[in-house]
>>> print(open('start-v9.cif').read())   # mmCIF, C-alpha atoms and all ligand atoms; chains and numbers go by the auth columns
data_protein
#
loop_
_atom_site.group_PDB
_atom_site.id
_atom_site.type_symbol
_atom_site.label_atom_id
_atom_site.label_comp_id
_atom_site.label_asym_id
_atom_site.label_seq_id
_atom_site.Cartn_x
_atom_site.Cartn_y
_atom_site.Cartn_z
_atom_site.B_iso_or_equiv
_atom_site.auth_seq_id
_atom_site.auth_asym_id
ATOM 1 C CA MET A 1 43.690 35.225 -14.760 0.00 1 A
ATOM 2 C CA ARG A 2 41.583 35.596 -11.602 0.00 2 A
ATOM 3 C CA GLY A 3 38.377 37.388 -10.694 0.00 3 A
ATOM 4 C CA VAL A 4 38.041 39.677 -13.693 0.00 4 A
ATOM 5 C CA PHE A 5 34.920 41.767 -14.195 0.00 5 A
ATOM 6 C CA ILE A 6 34.389 43.205 -17.703 0.00 6 A
ATOM 7 C CA THR A 7 31.362 45.329 -18.594 0.00 7 A
ATOM 8 C CA PHE A 8 29.998 46.506 -21.949 0.00 8 A
ATOM 9 C CA GLU A 9 28.168 49.810 -22.332 0.00 9 A
ATOM 10 C CA GLY A 10 26.747 51.829 -25.187 0.00 10 A
ATOM 11 C CA PRO A 11 23.571 53.179 -26.685 0.00 11 A
ATOM 12 C CA ASP A 12 20.786 50.799 -27.649 0.00 12 A
ATOM 13 C CA GLY A 13 21.790 48.993 -30.838 0.00 13 A
ATOM 14 C CA SER A 14 25.537 49.597 -30.450 0.00 14 A
ATOM 15 C CA GLY A 15 26.293 45.902 -31.021 0.00 15 A
ATOM 16 C CA LYS A 16 27.131 44.910 -27.431 0.00 16 A
ATOM 17 C CA THR A 17 25.483 41.503 -27.657 0.00 17 A
ATOM 18 C CA THR A 18 27.414 40.521 -30.783 0.00 18 A
ATOM 19 C CA GLN A 19 30.718 41.691 -29.326 0.00 19 A
ATOM 20 C CA ILE A 20 30.081 39.933 -26.012 0.00 20 A
ATOM 21 C CA LYS A 21 29.458 36.638 -27.851 0.00 21 A
ATOM 22 C CA LEU A 22 32.679 37.036 -29.850 0.00 22 A
ATOM 23 C CA LEU A 23 34.685 37.840 -26.723 0.00 23 A
ATOM 24 C CA GLU A 24 33.177 34.840 -24.918 0.00 24 A
ATOM 25 C CA GLN A 25 34.254 32.618 -27.793 0.00 25 A
ATOM 26 C CA TYR A 26 37.759 34.104 -27.683 0.00 26 A
ATOM 27 C CA PHE A 27 38.123 33.419 -23.958 0.00 27 A
ATOM 28 C CA LYS A 28 36.800 29.870 -24.400 0.00 28 A
ATOM 29 C CA GLU A 29 39.241 29.140 -27.234 0.00 29 A
ATOM 30 C CA LYS A 30 42.028 30.271 -24.911 0.00 30 A
ATOM 31 C CA GLY A 31 40.762 27.814 -22.306 0.00 31 A
ATOM 32 C CA TYR A 32 39.333 30.345 -19.835 0.00 32 A
ATOM 33 C CA ASP A 33 36.159 29.821 -17.884 0.00 33 A
ATOM 34 C CA ILE A 34 33.979 32.844 -18.676 0.00 34 A
ATOM 35 C CA LEU A 35 30.526 33.761 -17.389 0.00 35 A
ATOM 36 C CA ILE A 36 28.169 35.974 -19.399 0.00 36 A
ATOM 37 C CA THR A 37 25.408 37.972 -17.780 0.00 37 A
ATOM 38 C CA ARG A 38 23.310 41.076 -18.354 0.00 38 A
ATOM 39 C CA GLU A 39 21.509 43.951 -16.654 0.00 39 A
ATOM 40 C CA PRO A 40 18.829 44.462 -15.758 0.00 40 A
ATOM 41 C CA GLY A 41 18.698 40.735 -15.060 0.00 41 A
ATOM 42 C CA GLY A 42 21.122 37.897 -14.440 0.00 42 A
ATOM 43 C CA THR A 43 19.290 36.161 -11.575 0.00 43 A
ATOM 44 C CA LYS A 44 15.694 34.956 -11.222 0.00 44 A
ATOM 45 C CA ILE A 45 14.678 37.903 -9.023 0.00 45 A
ATOM 46 C CA SER A 46 16.611 40.428 -11.158 0.00 46 A
ATOM 47 C CA GLU A 47 14.906 39.111 -14.316 0.00 47 A
ATOM 48 C CA GLN A 48 11.526 39.490 -12.606 0.00 48 A
ATOM 49 C CA ILE A 49 12.398 43.125 -11.823 0.00 49 A
ATOM 50 C CA ARG A 50 13.582 43.540 -15.444 0.00 50 A
ATOM 51 C CA SER A 51 10.193 42.593 -16.811 0.00 51 A
ATOM 52 C CA VAL A 52 8.526 45.274 -14.657 0.00 52 A
ATOM 53 C CA ILE A 53 11.050 47.942 -15.700 0.00 53 A
ATOM 54 C CA LEU A 54 10.949 47.278 -19.431 0.00 54 A
ATOM 55 C CA ASP A 55 7.222 46.563 -19.781 0.00 55 A
ATOM 56 C CA LYS A 56 5.893 48.949 -22.446 0.00 56 A
ATOM 57 C CA ASN A 57 2.561 49.143 -20.599 0.00 57 A
ATOM 58 C CA ASN A 58 4.169 50.681 -17.479 0.00 58 A
ATOM 59 C CA ILE A 59 3.997 54.193 -18.915 0.00 59 A
ATOM 60 C CA GLU A 60 3.167 55.754 -15.526 0.00 60 A
ATOM 61 C CA MET A 61 6.468 54.627 -13.925 0.00 61 A
ATOM 62 C CA ASP A 62 8.103 57.435 -11.954 0.00 62 A
ATOM 63 C CA SER A 63 11.795 58.111 -12.693 0.00 63 A
ATOM 64 C CA ILE A 64 12.836 57.516 -9.085 0.00 64 A
ATOM 65 C CA THR A 65 10.969 54.192 -9.065 0.00 65 A
ATOM 66 C CA GLU A 66 12.764 53.290 -12.297 0.00 66 A
ATOM 67 C CA ALA A 67 16.199 54.151 -10.869 0.00 67 A
ATOM 68 C CA LEU A 68 15.510 52.218 -7.647 0.00 68 A
ATOM 69 C CA LEU A 69 14.283 49.182 -9.594 0.00 69 A
ATOM 70 C CA TYR A 70 17.456 49.108 -11.705 0.00 70 A
ATOM 71 C CA ALA A 71 19.488 49.411 -8.488 0.00 71 A
ATOM 72 C CA ALA A 72 17.410 46.687 -6.781 0.00 72 A
ATOM 73 C CA SER A 73 17.867 44.339 -9.730 0.00 73 A
ATOM 74 C CA ARG A 74 21.609 45.077 -9.590 0.00 74 A
ATOM 75 C CA ALA A 75 21.879 44.550 -5.815 0.00 75 A
ATOM 76 C CA GLN A 76 20.472 41.033 -6.199 0.00 76 A
ATOM 77 C CA HIS A 77 22.659 40.331 -9.238 0.00 77 A
ATOM 78 C CA VAL A 78 25.832 41.389 -7.404 0.00 78 A
ATOM 79 C CA ALA A 79 24.966 39.586 -4.155 0.00 79 A
ATOM 80 C CA GLU A 80 23.774 36.336 -5.701 0.00 80 A
ATOM 81 C CA PHE A 81 25.899 35.990 -8.821 0.00 81 A
ATOM 82 C CA ILE A 82 28.668 38.526 -9.559 0.00 82 A
ATOM 83 C CA ARG A 83 30.419 38.846 -6.179 0.00 83 A
ATOM 84 C CA PRO A 84 30.476 35.111 -5.353 0.00 84 A
ATOM 85 C CA ALA A 85 31.798 34.304 -8.849 0.00 85 A
ATOM 86 C CA LEU A 86 34.552 36.927 -8.630 0.00 86 A
ATOM 87 C CA LEU A 87 35.534 35.624 -5.190 0.00 87 A
ATOM 88 C CA LYS A 88 35.930 32.185 -6.775 0.00 88 A
ATOM 89 C CA GLY A 89 38.276 33.748 -9.334 0.00 89 A
ATOM 90 C CA LYS A 90 35.910 33.602 -12.308 0.00 90 A
ATOM 91 C CA ALA A 91 35.915 36.000 -15.248 0.00 91 A
ATOM 92 C CA ILE A 92 32.585 37.728 -15.923 0.00 92 A
ATOM 93 C CA ILE A 93 31.335 39.757 -18.871 0.00 93 A
ATOM 94 C CA CYS A 94 28.250 41.815 -18.066 0.00 94 A
ATOM 95 C CA ASP A 95 26.052 43.555 -20.646 0.00 95 A
ATOM 96 C CA ARG A 96 25.505 46.961 -18.933 0.00 96 A
ATOM 97 C CA PHE A 97 26.160 47.882 -15.262 0.00 97 A
ATOM 98 C CA VAL A 98 26.154 51.024 -13.060 0.00 98 A
ATOM 99 C CA ASP A 99 27.305 53.285 -15.925 0.00 99 A
ATOM 100 C CA SER A 100 23.969 52.625 -17.662 0.00 100 A
ATOM 101 C CA SER A 101 22.108 53.923 -14.620 0.00 101 A
ATOM 102 C CA ILE A 102 24.378 56.983 -14.417 0.00 102 A
ATOM 103 C CA VAL A 103 23.627 57.964 -18.009 0.00 103 A
ATOM 104 C CA TYR A 104 20.020 56.767 -18.510 0.00 104 A
ATOM 105 C CA GLN A 105 18.601 57.668 -15.089 0.00 105 A
ATOM 106 C CA GLY A 106 21.147 60.252 -13.825 0.00 106 A
ATOM 107 C CA ILE A 107 21.372 62.218 -17.072 0.00 107 A
ATOM 108 C CA GLY A 108 18.527 61.030 -19.364 0.00 108 A
ATOM 109 C CA ARG A 109 15.917 61.175 -16.603 0.00 109 A
ATOM 110 C CA SER A 110 17.641 64.192 -14.964 0.00 110 A
ATOM 111 C CA LEU A 111 17.845 62.557 -11.518 0.00 111 A
ATOM 112 C CA GLY A 112 21.447 63.703 -11.172 0.00 112 A
ATOM 113 C CA ILE A 113 24.630 61.686 -11.122 0.00 113 A
ATOM 114 C CA ASP A 114 25.055 62.005 -7.326 0.00 114 A
ATOM 115 C CA PHE A 115 21.663 60.508 -6.501 0.00 115 A
ATOM 116 C CA VAL A 116 22.121 57.616 -8.916 0.00 116 A
ATOM 117 C CA LYS A 117 25.653 56.973 -7.665 0.00 117 A
ATOM 118 C CA LYS A 118 24.474 56.909 -4.073 0.00 118 A
ATOM 119 C CA ILE A 119 21.781 54.269 -4.582 0.00 119 A
ATOM 120 C CA ASN A 120 24.120 52.215 -6.741 0.00 120 A
ATOM 121 C CA ASP A 121 26.948 52.365 -4.209 0.00 121 A
ATOM 122 C CA MET A 122 24.530 50.677 -1.815 0.00 122 A
ATOM 123 C CA ALA A 123 23.581 48.142 -4.487 0.00 123 A
ATOM 124 C CA ILE A 124 27.103 47.068 -5.487 0.00 124 A
ATOM 125 C CA GLY A 125 28.974 47.403 -2.181 0.00 125 A
ATOM 126 C CA GLY A 126 32.354 48.027 -3.849 0.00 126 A
ATOM 127 C CA THR A 127 32.092 45.472 -6.669 0.00 127 A
ATOM 128 C CA GLU A 128 33.391 47.547 -9.588 0.00 128 A
ATOM 129 C CA PRO A 129 34.321 46.507 -13.141 0.00 129 A
ATOM 130 C CA ASN A 130 38.035 46.164 -13.964 0.00 130 A
ATOM 131 C CA ILE A 131 37.401 47.336 -17.498 0.00 131 A
ATOM 132 C CA THR A 132 34.417 48.770 -19.371 0.00 132 A
ATOM 133 C CA PHE A 133 34.104 48.791 -23.159 0.00 133 A
ATOM 134 C CA LEU A 134 32.006 51.682 -24.392 0.00 134 A
ATOM 135 C CA LEU A 135 30.754 50.936 -27.908 0.00 135 A
ATOM 136 C CA LYS A 136 30.412 54.346 -29.494 0.00 136 A
ATOM 137 C CA VAL A 137 27.761 54.824 -32.150 0.00 137 A
ATOM 138 C CA SER A 138 25.315 57.719 -32.447 0.00 138 A
ATOM 139 C CA PRO A 139 21.819 57.029 -31.078 0.00 139 A
ATOM 140 C CA GLU A 140 20.391 57.620 -34.569 0.00 140 A
ATOM 141 C CA ILE A 141 22.367 54.705 -35.998 0.00 141 A
ATOM 142 C CA GLY A 142 21.938 52.545 -32.873 0.00 142 A
ATOM 143 C CA LEU A 143 18.173 52.901 -32.714 0.00 143 A
ATOM 144 C CA ALA A 144 17.774 52.301 -36.452 0.00 144 A
ATOM 145 C CA ARG A 145 19.786 49.083 -36.059 0.00 145 A
ATOM 146 C CA LYS A 146 17.744 48.038 -33.046 0.00 146 A
ATOM 147 C CA PHE A 147 14.343 48.728 -34.548 0.00 147 A
ATOM 148 C CA SER A 148 15.212 46.718 -37.634 0.00 148 A
ATOM 149 C CA SER A 149 16.161 43.622 -35.614 0.00 149 A
ATOM 150 C CA HIS A 150 14.348 43.593 -32.224 0.00 150 A
ATOM 151 C CA GLU A 151 11.119 44.483 -30.620 0.00 151 A
ATOM 152 C CA CYS A 152 11.676 47.753 -28.752 0.00 152 A
ATOM 153 C CA ASN A 153 11.295 48.158 -24.955 0.00 153 A
ATOM 154 C CA ARG A 154 9.986 51.019 -22.778 0.00 154 A
ATOM 155 C CA LEU A 155 13.348 52.854 -22.799 0.00 155 A
ATOM 156 C CA ASP A 156 13.852 52.518 -26.564 0.00 156 A
ATOM 157 C CA MET A 157 10.556 54.338 -27.029 0.00 157 A
ATOM 158 C CA GLU A 158 11.965 57.564 -25.510 0.00 158 A
ATOM 159 C CA ASN A 159 12.550 60.413 -27.957 0.00 159 A
ATOM 160 C CA LEU A 160 15.821 61.065 -29.733 0.00 160 A
ATOM 161 C CA GLU A 161 16.667 63.970 -27.405 0.00 161 A
ATOM 162 C CA PHE A 162 16.690 61.538 -24.449 0.00 162 A
ATOM 163 C CA HIS A 163 18.995 59.142 -26.320 0.00 163 A
ATOM 164 C CA ASP A 164 21.279 62.019 -27.373 0.00 164 A
ATOM 165 C CA GLU A 165 21.647 63.105 -23.736 0.00 165 A
ATOM 166 C CA VAL A 166 22.380 59.535 -22.707 0.00 166 A
ATOM 167 C CA TYR A 167 25.073 59.325 -25.379 0.00 167 A
ATOM 168 C CA GLU A 168 26.648 62.630 -24.275 0.00 168 A
ATOM 169 C CA GLY A 169 26.656 61.170 -20.753 0.00 169 A
ATOM 170 C CA TYR A 170 28.610 58.151 -21.952 0.00 170 A
ATOM 171 C CA LEU A 171 31.196 60.402 -23.598 0.00 171 A
ATOM 172 C CA LYS A 172 31.563 62.229 -20.268 0.00 172 A
ATOM 173 C CA LEU A 173 32.152 58.946 -18.429 0.00 173 A
ATOM 174 C CA GLU A 174 34.864 58.036 -20.935 0.00 174 A
ATOM 175 C CA LYS A 175 36.647 61.313 -20.070 0.00 175 A
ATOM 176 C CA LEU A 176 36.024 60.991 -16.316 0.00 176 A
ATOM 177 C CA TYR A 177 37.332 57.423 -16.002 0.00 177 A
ATOM 178 C CA PRO A 178 39.926 57.011 -18.771 0.00 178 A
ATOM 179 C CA GLU A 179 41.647 54.143 -16.931 0.00 179 A
ATOM 180 C CA ARG A 180 38.501 52.018 -16.826 0.00 180 A
ATOM 181 C CA VAL A 181 36.182 53.181 -19.620 0.00 181 A
ATOM 182 C CA ILE A 182 37.604 52.383 -23.052 0.00 182 A
ATOM 183 C CA GLY A 183 35.715 53.918 -25.970 0.00 183 A
ATOM 184 C CA ILE A 184 35.596 51.915 -29.207 0.00 184 A
ATOM 185 C CA ASP A 185 34.303 53.260 -32.530 0.00 185 A
ATOM 186 C CA ALA A 186 31.395 50.878 -33.096 0.00 186 A
ATOM 187 C CA ARG A 187 30.679 52.156 -36.612 0.00 187 A
ATOM 188 C CA LYS A 188 33.541 49.921 -37.756 0.00 188 A
ATOM 189 C CA SER A 189 32.922 46.355 -38.897 0.00 189 A
ATOM 190 C CA ILE A 190 32.104 43.654 -36.353 0.00 190 A
ATOM 191 C CA GLU A 191 35.525 42.046 -36.965 0.00 191 A
ATOM 192 C CA GLU A 192 37.433 45.315 -36.543 0.00 192 A
ATOM 193 C CA VAL A 193 35.650 46.156 -33.296 0.00 193 A
ATOM 194 C CA HIS A 194 36.326 42.625 -32.009 0.00 194 A
ATOM 195 C CA ARG A 195 40.024 42.892 -32.896 0.00 195 A
ATOM 196 C CA GLU A 196 40.334 46.185 -31.009 0.00 196 A
ATOM 197 C CA ILE A 197 38.676 44.679 -27.953 0.00 197 A
ATOM 198 C CA ILE A 198 40.974 41.641 -28.037 0.00 198 A
ATOM 199 C CA ASN A 199 44.053 43.867 -28.298 0.00 199 A
ATOM 200 C CA ILE A 200 43.002 45.863 -25.271 0.00 200 A
ATOM 201 C CA ILE A 201 42.145 42.723 -23.289 0.00 201 A
ATOM 202 C CA ASN A 202 45.528 41.200 -24.106 0.00 202 A
ATOM 203 C CA ASN A 203 47.393 44.355 -23.120 0.00 203 A
ATOM 204 C CA ARG A 204 45.433 44.947 -19.945 0.00 204 A
ATOM 205 C CA LEU A 205 44.814 41.468 -18.608 0.00 205 A
ATOM 206 C CA GLU A 206 47.990 39.724 -19.793 0.00 206 A
ATOM 207 C CA LEU A 207 46.190 36.631 -21.096 0.00 207 A
HETATM 208 P P1 LIG B . 17.829 45.784 -23.355 0.00 301 B
HETATM 209 O O1 LIG B . 16.748 45.236 -24.172 0.00 301 B
HETATM 210 O O2 LIG B . 18.673 44.819 -22.588 0.00 301 B
HETATM 211 O O3 LIG B . 18.668 46.762 -24.258 0.00 301 B
HETATM 212 P P2 LIG B . 20.148 46.670 -24.830 0.00 301 B
HETATM 213 O O4 LIG B . 20.142 45.467 -25.742 0.00 301 B
HETATM 214 O O5 LIG B . 20.323 47.961 -25.559 0.00 301 B
HETATM 215 O O6 LIG B . 21.060 46.529 -23.656 0.00 301 B
HETATM 216 O O7 LIG B . 17.193 46.841 -22.359 0.00 301 B
HETATM 217 C C1 LIG B . 17.846 47.460 -21.387 0.00 301 B
HETATM 218 C C2 LIG B . 17.362 48.891 -21.389 0.00 301 B
HETATM 219 O O8 LIG B . 17.460 49.409 -20.069 0.00 301 B
HETATM 220 C C3 LIG B . 18.209 49.776 -22.275 0.00 301 B
HETATM 221 O O9 LIG B . 17.359 50.682 -22.965 0.00 301 B
HETATM 222 C C4 LIG B . 19.050 50.564 -21.311 0.00 301 B
HETATM 223 C C5 LIG B . 18.220 50.596 -20.072 0.00 301 B
HETATM 224 N N1 LIG B . 18.966 50.645 -18.801 0.00 301 B
HETATM 225 C C6 LIG B . 18.828 51.753 -17.969 0.00 301 B
HETATM 226 O O10 LIG B . 18.106 52.709 -18.303 0.00 301 B
HETATM 227 N N2 LIG B . 19.482 51.771 -16.773 0.00 301 B
HETATM 228 C C7 LIG B . 20.258 50.730 -16.352 0.00 301 B
HETATM 229 O O11 LIG B . 20.847 50.773 -15.243 0.00 301 B
HETATM 230 C C8 LIG B . 20.383 49.586 -17.217 0.00 301 B
HETATM 231 C C9 LIG B . 21.220 48.414 -16.796 0.00 301 B
HETATM 232 C C10 LIG B . 19.720 49.590 -18.432 0.00 301 B
#
>>> encode(input="start-v9.cif", output="structure tokens")
Amino acid sequence: MRGVFITFEGPDGSGKTTQIKLLEQYFKEKGYDILITREPGGTKISEQIRSVILDKNNIEMDSITEALLYAASRAQHVAEFIRPALLKGKAIICDRFVDSSIVYQGIGRSLGIDFVKKINDMAIGGTEPNITFLLKVSPEIGLARKFSSHECNRLDMENLEFHDEVYEGYLKLEKLYPERVIGIDARKSIEEVHREIINIINNRLEL
């Protein structure tokens, strides 16, 4: 297996982190070298940008600033980490990528999909995921899960209407890109969701 780029998407609290850890373990048991990363973040500069974006005190942040900061964090992540690793034939799992910006900034913040796509096309320069797992769980359930286990960030604090729009956006992406975006019912047990992901990986990537 060479140069595979897998991304995970879903509402806050959809269980991405748990599923990414299980998939990492699966790849390792099979003897594959797998790199795990996340957005916003993944490099020193991208993590610095992350702390500005998610800081709960930055309540005055303009939506365009927010979208550009996510794209800037991503540009550095792709240039410094993702693209070089893929060129070396590595497999990468990334927690969130451009799809998050499309739905949170393009739809949730009403900046429009075209605008968000344009700035992200510049940021990623053609580095696209081979497969994207969309963990589907309603924002109500996701946020309840998240609030019970983590401290919330600036985006989590948005109202339910915002999170509902984001979720609708994800469902649209699943329909728009059926070859790449694979929806998984994340209300199922952790083991069931993991098994579904493994089946798809095995069918798609011929491990
Ligand atoms: P994080 O704590 O990593 O949340 P999660 O565990 O749910 O991934 O925070 C990332 C937040 O940033 C999350 O609310 C989604 C949001 N986000 C965007 O709005 N646009 C983006 O492009 C990305 C990558 C994340």
>>> closest_residue(input="start-v9.cif", among="A:Arg109, A:Arg74, A:Arg187, A:Lys30", to="A:Asn159", atoms="only C-alpha atoms")
A:Arg109
>>> closest_residue(input="start-v9.cif", among="A:Ile36, A:Val4, A:Val98, A:Leu176", to="ligand LIG 301 (chain B)", atoms="only C-alpha atoms and all ligand atoms")
A:Val98
>>> residues_around(input="start-v9.cif", residues="stretch 80-85 of chain A", least_positions_apart="4", cutoff="8 Å", atoms="all atoms listed in the file", output="number ranges by chain")
A: 3, 42-43, 76, 89-92, 127
>>> write_last_selection(input="start-v9.cif", atoms="C-alpha atoms", output="mmCIF file, in the frame of the given file")
data_model
loop_
_atom_site.group_PDB
_atom_site.id
_atom_site.type_symbol
_atom_site.label_atom_id
_atom_site.label_comp_id
_atom_site.auth_asym_id
_atom_site.auth_seq_id
_atom_site.Cartn_x
_atom_site.Cartn_y
_atom_site.Cartn_z
ATOM 1 C CA GLY A 3 38.377 37.388 -10.694
ATOM 2 C CA GLY A 42 21.122 37.897 -14.440
ATOM 3 C CA THR A 43 19.290 36.161 -11.575
ATOM 4 C CA GLN A 76 20.472 41.033 -6.199
ATOM 5 C CA GLY A 89 38.276 33.748 -9.334
ATOM 6 C CA LYS A 90 35.910 33.602 -12.308
ATOM 7 C CA ALA A 91 35.915 36.000 -15.248
ATOM 8 C CA ILE A 92 32.585 37.728 -15.923
ATOM 9 C CA THR A 127 32.092 45.472 -6.669
#
>>> residues_around(input="start-v9.cif", residues="A:Ile124", least_positions_apart="2", cutoff="8 Å", atoms="all atoms listed in the file", output="PyMOL selection string")
chain A and resi 74-75+78-79+120-122+126-128
>>> atom_distance(input="start-v9.cif", atom1="atom CA of A:Ile34", atom2="atom CA of A:Asn199")
17.8 Å
>>> closest_residue(input="start-v9.cif", among="A:Glu47, A:Asp114, A:Glu24, A:Glu191", to="ligand LIG 301 (chain B)", atoms="only C-alpha atoms and all ligand atoms")
A:Glu47
>>> residues_near_ligand(input="start-v9.cif", ligand="ligand LIG 301 (chain B)", cutoff="7 Å", atoms="all atoms listed in the file", output="PyMOL selection string")
chain A and resi 11-13+17+39-40+54+70+95-101+104-105+153+155-156
>>> atom_distance(input="start-v9.cif", atom1="atom CA of A:Ala186", atom2="atom CA of A:Ser46")
28.4 Å
>>> resolve_selection(input="start-v9.cif", expression="the PyMOL selection byres (((chain A and resi 179) around 12) and not hetatm)", output="list in words")
Pro129, Asn130, Ile131, Thr132, Phe133, Leu173, Glu174, Lys175, Leu176, Tyr177, Pro178, Arg180, Val181, Ile182, Gly183, Ile200 and Arg204 of chain A
